[in-house]
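**Q** This one is protein.cif, mmCIF, C-alpha atoms.
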```cif
data_model
#
loop_
_atom_site.group_PDB
_atom_site.id
_atom_site.type_symbol
_atom_site.label_atom_id
_atom_site.label_comp_id
_atom_site.auth_asym_id
_atom_site.auth_seq_id
_atom_site.Cartn_x
_atom_site.Cartn_y
_atom_site.Cartn_z
ATOM 1 C CA MET A 1 -48.948 31.170 -15.277
ATOM 2 C CA ASN A 2 -47.748 30.403 -11.740
ATOM 3 C CA VAL A 3 -46.646 26.892 -12.722
ATOM 4 C CA ALA A 4 -44.437 28.116 -15.561
ATOM 5 C CA TYR A 5 -42.766 30.616 -13.252
ATOM 6 C CA ALA A 6 -42.028 27.919 -10.674
ATOM 7 C CA MET A 7 -40.278 25.741 -13.267
ATOM 8 C CA ALA A 8 -37.953 28.528 -14.445
ATOM 9 C CA PRO A 9 -34.246 28.164 -13.576
ATOM 10 C CA ALA A 10 -32.993 29.976 -10.503
ATOM 11 C CA GLN A 11 -31.473 33.401 -11.055
ATOM 12 C CA GLY A 12 -27.645 33.576 -10.804
ATOM 13 C CA GLY A 13 -27.078 29.937 -9.819
ATOM 14 C CA GLY A 14 -25.886 28.614 -13.188
ATOM 15 C CA GLU A 15 -22.246 29.787 -13.156
ATOM 16 C CA GLY A 16 -20.972 27.952 -10.045
ATOM 17 C CA GLY A 17 -22.774 24.666 -10.634
ATOM 18 C CA GLY A 18 -19.874 23.022 -12.530
ATOM 19 C CA PHE A 19 -17.330 23.409 -9.738
ATOM 20 C CA PHE A 20 -19.687 22.308 -7.001
ATOM 21 C CA ALA A 21 -20.460 19.125 -8.926
ATOM 22 C CA PHE A 22 -16.811 18.033 -8.501
ATOM 23 C CA VAL A 23 -16.571 18.821 -4.787
ATOM 24 C CA PRO A 24 -17.979 15.413 -3.688
ATOM 25 C CA LEU A 25 -15.547 13.623 -6.025
ATOM 26 C CA LEU A 26 -12.602 15.593 -4.656
ATOM 27 C CA LEU A 27 -13.755 14.905 -1.112
ATOM 28 C CA MET A 28 -13.990 11.162 -1.838
ATOM 29 C CA PHE A 29 -10.472 11.166 -3.320
ATOM 30 C CA VAL A 30 -9.070 12.912 -0.236
ATOM 31 C CA ILE A 31 -10.770 10.400 2.052
ATOM 32 C CA PHE A 32 -9.494 7.445 -0.016
ATOM 33 C CA TYR A 33 -5.995 8.930 0.007
ATOM 34 C CA PHE A 34 -5.817 9.229 3.787
ATOM 35 C CA LEU A 35 -7.621 5.967 4.580
ATOM 36 C CA LEU A 36 -6.277 3.632 1.861
ATOM 37 C CA ILE A 37 -3.458 4.938 -0.301
ATOM 38 C CA ARG A 38 -1.236 6.659 2.260
ATOM 39 C CA PRO A 39 -1.190 3.804 4.823
ATOM 40 C CA GLN A 40 -0.462 1.300 2.050
ATOM 41 C CA GLN A 41 2.470 3.394 0.814
ATOM 42 C CA LYS A 42 3.800 3.721 4.358
ATOM 43 C CA LYS A 43 3.602 -0.042 4.888
ATOM 44 C CA ALA A 44 5.389 -0.659 1.570
ATOM 45 C CA LYS A 45 8.219 1.709 2.563
ATOM 46 C CA GLU A 46 8.601 -0.023 5.948
ATOM 47 C CA HIS A 47 8.698 -3.442 4.250
ATOM 48 C CA GLN A 48 11.324 -2.239 1.762
ATOM 49 C CA ALA A 49 13.465 -0.848 4.601
ATOM 50 C CA MET A 50 13.165 -4.163 6.471
ATOM 51 C CA ILE A 51 14.207 -6.138 3.373
ATOM 52 C CA GLU A 52 17.234 -3.910 2.795
ATOM 53 C CA ALA A 53 18.331 -4.285 6.433
ATOM 54 C CA LEU A 54 18.387 -8.120 6.403
ATOM 55 C CA LYS A 55 21.679 -9.637 7.482
ATOM 56 C CA LYS A 56 23.199 -13.025 8.253
ATOM 57 C CA GLY A 57 21.700 -14.618 11.350
ATOM 58 C CA ASP A 58 18.307 -12.895 11.166
ATOM 59 C CA LYS A 59 15.309 -15.138 11.809
ATOM 60 C CA ILE A 60 12.650 -14.587 9.161
ATOM 61 C CA ILE A 61 9.330 -15.816 7.853
ATOM 62 C CA THR A 62 8.697 -16.044 4.126
ATOM 63 C CA SER A 63 5.551 -15.029 2.306
ATOM 64 C CA GLY A 64 4.837 -18.766 1.924
ATOM 65 C CA GLY A 65 4.904 -19.250 5.703
ATOM 66 C CA ILE A 66 8.328 -20.919 6.037
ATOM 67 C CA TYR A 67 10.388 -20.004 9.089
ATOM 68 C CA GLY A 68 14.154 -19.898 8.761
ATOM 69 C CA THR A 69 17.467 -18.243 9.524
ATOM 70 C CA ILE A 70 19.506 -16.314 6.973
ATOM 71 C CA THR A 71 22.880 -17.965 6.375
ATOM 72 C CA LYS A 72 24.122 -16.011 3.351
ATOM 73 C CA VAL A 73 23.234 -12.601 1.913
ATOM 74 C CA GLU A 74 23.808 -11.683 -1.731
ATOM 75 C CA ASP A 75 22.590 -8.707 -3.799
ATOM 76 C CA ASN A 76 19.051 -9.858 -4.514
ATOM 77 C CA ASP A 77 19.148 -13.386 -3.081
ATOM 78 C CA LEU A 78 19.298 -14.908 0.375
ATOM 79 C CA GLN A 79 20.230 -18.372 1.520
ATOM 80 C CA VAL A 80 17.885 -19.475 4.291
ATOM 81 C CA GLU A 81 18.327 -22.487 6.548
ATOM 82 C CA ILE A 82 14.888 -23.947 7.263
ATOM 83 C CA ALA A 83 16.062 -27.108 9.081
ATOM 84 C CA ASP A 84 19.373 -28.727 10.033
ATOM 85 C CA ASN A 85 21.501 -28.768 6.876
ATOM 86 C CA VAL A 86 18.502 -27.820 4.708
ATOM 87 C CA ARG A 87 19.090 -24.527 2.908
ATOM 88 C CA ILE A 88 17.055 -22.805 0.242
ATOM 89 C CA LYS A 89 17.863 -19.840 -1.957
ATOM 90 C CA MET A 90 15.243 -17.074 -2.014
ATOM 91 C CA ILE A 91 14.615 -13.677 -3.496
ATOM 92 C CA ARG A 92 14.575 -10.876 -0.901
ATOM 93 C CA SER A 93 11.104 -9.690 -1.889
ATOM 94 C CA ASN A 94 9.586 -12.996 -0.706
ATOM 95 C CA ILE A 95 10.436 -12.223 2.923
ATOM 96 C CA ALA A 96 7.257 -11.373 4.833
ATOM 97 C CA GLY A 97 8.855 -10.325 8.126
ATOM 98 C CA LYS A 98 11.414 -10.800 10.854
ATOM 99 C CA MET A 99 10.846 -12.767 14.032
#
```
Would you write the structure of this file as C-alpha coordinates?
**A**
Amino acid sequence: MNVAYAMAPAQGGGEGGGFFAFVPLLLMFVIFYFLLIRPQQKKAKEHQAMIEALKKGDKIITSGGIYGTITKVEDNDLQVEIADNVRIKMIRSNIAGKM
(Lines of atoms letter the chains of each structure in order from A and count residues from 1; the text may use other names and numbers.)
(Lines give C-alpha, C1' and ligand atoms only; values in the text may rest on other atoms or scores of the structure.)
Protein backbone atom coordinates (compact mmCIF):
# COMPACT_ATOMS: atom_id res chain seq x y z
CA MET A 1 0.00 0.00 0.00
CA ASN A 2 2.89 2.40 0.65
CA VAL A 3 4.27 1.92 -2.86
CA ALA A 4 0.99 2.85 -4.55
CA TYR A 5 0.76 6.00 -2.46
CA ALA A 6 4.28 7.04 -3.42
CA MET A 7 3.50 6.75 -7.13
CA ALA A 8 0.39 8.96 -6.94
CA PRO A 9 0.61 12.39 -8.61
CA ALA A 10 1.46 15.35 -6.41
CA GLN A 11 -1.46 17.34 -5.04
CA GLY A 12 -2.06 20.75 -6.70
CA GLY A 13 0.94 20.66 -9.05
CA GLY A 14 -0.88 19.78 -12.28
CA GLU A 15 -2.27 23.21 -13.26
CA GLY A 16 1.00 25.18 -13.61
CA GLY A 17 3.04 22.48 -15.32
CA GLY A 18 2.21 23.62 -18.88
CA PHE A 19 3.55 27.15 -18.47
CA PHE A 20 6.70 26.08 -16.68
CA ALA A 21 7.51 23.67 -19.50
CA PHE A 22 7.89 26.65 -21.88
CA VAL A 23 10.06 28.75 -19.57
CA PRO A 24 13.35 27.11 -20.70
CA LEU A 25 12.37 27.62 -24.36
CA LEU A 26 11.57 31.28 -23.76
CA LEU A 27 14.83 31.71 -21.87
CA MET A 28 16.79 30.15 -24.75
CA PHE A 29 15.07 32.46 -27.26
CA VAL A 30 15.95 35.53 -25.17
CA ILE A 31 19.57 34.42 -24.93
CA PHE A 32 19.76 33.75 -28.69
CA TYR A 33 18.19 37.14 -29.38
CA PHE A 34 20.74 39.08 -27.35
CA LEU A 35 23.78 37.00 -28.34
CA LEU A 36 23.07 36.26 -32.03
CA ILE A 37 20.13 38.04 -33.61
CA ARG A 38 20.49 41.56 -32.22
CA PRO A 39 24.23 41.96 -32.95
CA GLN A 40 23.71 40.63 -36.48
CA GLN A 41 20.91 43.14 -37.10
CA LYS A 42 23.06 45.96 -35.74
CA LYS A 43 25.95 44.98 -38.02
CA ALA A 44 23.60 44.83 -41.02
CA LYS A 45 22.28 48.33 -40.27
CA GLU A 46 25.83 49.70 -39.97
CA HIS A 47 26.81 48.07 -43.28
CA GLN A 48 23.73 49.50 -45.01
CA ALA A 49 24.52 52.99 -43.66
CA MET A 50 28.12 52.66 -44.90
CA ILE A 51 26.95 51.59 -48.37
CA GLU A 52 24.53 54.52 -48.62
CA ALA A 53 27.26 56.99 -47.59
CA LEU A 54 29.74 55.95 -50.32
CA LYS A 55 30.94 58.81 -52.49
CA LYS A 56 33.46 59.51 -55.24
CA GLY A 57 37.04 59.19 -54.04
CA ASP A 58 36.38 56.71 -51.23
CA LYS A 59 38.85 53.84 -50.98
CA ILE A 60 37.02 50.54 -50.60
CA ILE A 61 37.45 46.79 -50.47
CA THR A 62 34.97 44.51 -52.20
CA SER A 63 33.53 41.30 -50.83
CA GLY A 64 35.82 39.49 -53.29
CA GLY A 65 38.90 41.12 -51.75
CA ILE A 66 39.63 43.71 -54.47
CA TYR A 67 40.91 47.09 -53.31
CA GLY A 68 39.93 50.16 -55.29
CA THR A 69 38.82 53.77 -55.40
CA ILE A 70 35.33 54.88 -56.35
CA THR A 71 35.37 57.01 -59.50
CA LYS A 72 31.65 57.24 -60.28
CA VAL A 73 28.52 56.79 -58.17
CA GLU A 74 25.14 55.88 -59.66
CA ASP A 75 21.88 54.74 -58.00
CA ASN A 76 22.74 51.10 -57.40
CA ASP A 77 26.09 50.85 -59.20
CA LEU A 78 29.59 52.11 -58.60
CA GLN A 79 32.54 52.46 -60.92
CA VAL A 80 35.71 51.42 -59.12
CA GLU A 81 39.27 51.98 -60.32
CA ILE A 82 41.36 48.98 -59.26
CA ALA A 83 44.55 49.92 -61.15
CA ASP A 84 45.73 52.71 -63.46
CA ASN A 85 43.06 53.07 -66.15
CA VAL A 86 41.38 49.81 -65.08
CA ARG A 87 37.79 50.41 -63.97
CA ILE A 88 35.07 47.96 -63.09
CA LYS A 89 31.37 48.47 -62.53
CA MET A 90 29.98 47.00 -59.30
CA ILE A 91 26.77 46.74 -57.35
CA ARG A 92 26.85 48.65 -54.05
CA SER A 93 25.96 45.60 -51.98
CA ASN A 94 29.27 43.93 -52.94
CA ILE A 95 31.28 46.50 -50.99
CA ALA A 96 32.69 44.91 -47.84
CA GLY A 97 34.14 48.04 -46.23
CA LYS A 98 36.00 51.31 -46.47
CA MET A 99 39.72 51.72 -45.96
**Q** Find the residues with any atom within 9 Å of (25.4, -12.2, 8.4); use all atoms listed in the file and the coordinates as given in the file, and write the answer as a PyMOL selection string.
**A** chain A and resi 54-58+70-73
**Q** Within 9 Å of (17.8, -13.9, -4.5), all atoms listed in the file: residues as a list in words?
**A**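 The answer, in the requested form, is Val73, Glu74, Asp75, Asn76, Asp77, Leu78, Gln79, Lys89, Met90, Ile91, Arg92 and Ser93 of chain A.
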**Q** Running the PyMOL selection byres ((chain A and resi 65) around 12) on this model by hand, what would come out? Give it as a ChimeraX atom specification.
**A** /A:60-64,66-68,82,94-98
**Q** Could you please take those selected residues and save C-alpha atoms as a short mmCIF file (atom, residue, chain, number, x, y, z; two decimals), in the frame of the given file?
**A**
```
data_model
loop_
_atom_site.label_atom_id
_atom_site.label_comp_id
_atom_site.auth_asym_id
_atom_site.auth_seq_id
_atom_site.Cartn_x
_atom_site.Cartn_y
_atom_site.Cartn_z
CA ILE A 60 12.65 -14.59 9.16
CA ILE A 61 9.33 -15.82 7.85
CA THR A 62 8.70 -16.04 4.13
CA SER A 63 5.55 -15.03 2.31
CA GLY A 64 4.84 -18.77 1.92
CA ILE A 66 8.33 -20.92 6.04
CA TYR A 67 10.39 -20.00 9.09
CA GLY A 68 14.15 -19.90 8.76
CA ILE A 82 14.89 -23.95 7.26
CA ASN A 94 9.59 -13.00 -0.71
CA ILE A 95 10.44 -12.22 2.92
CA ALA A 96 7.26 -11.37 4.83
CA GLY A 97 8.86 -10.32 8.13
CA LYS A 98 11.41 -10.80 10.85
#
```
**Q** What is the distance, in Å and to one decimal place, between CA of Met99 (chain A) and CA of Ile51 (chain A)?
**A**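 Value for the CA of Met99 (chain A)-CA of Ile51 (chain A) distance: 13.0 Å.
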**Q** Name the closest residue to Thr69 (chain A) among the candidates A:Pro39, A:Val86, A:Val23, A:Val30; distances are taken between atoms, counting all atoms listed in the file.
**A**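 Between A:Pro39, A:Val86, A:Val23, A:Val30, the residue approaching Thr69 (chain A) most closely is A:Val86.
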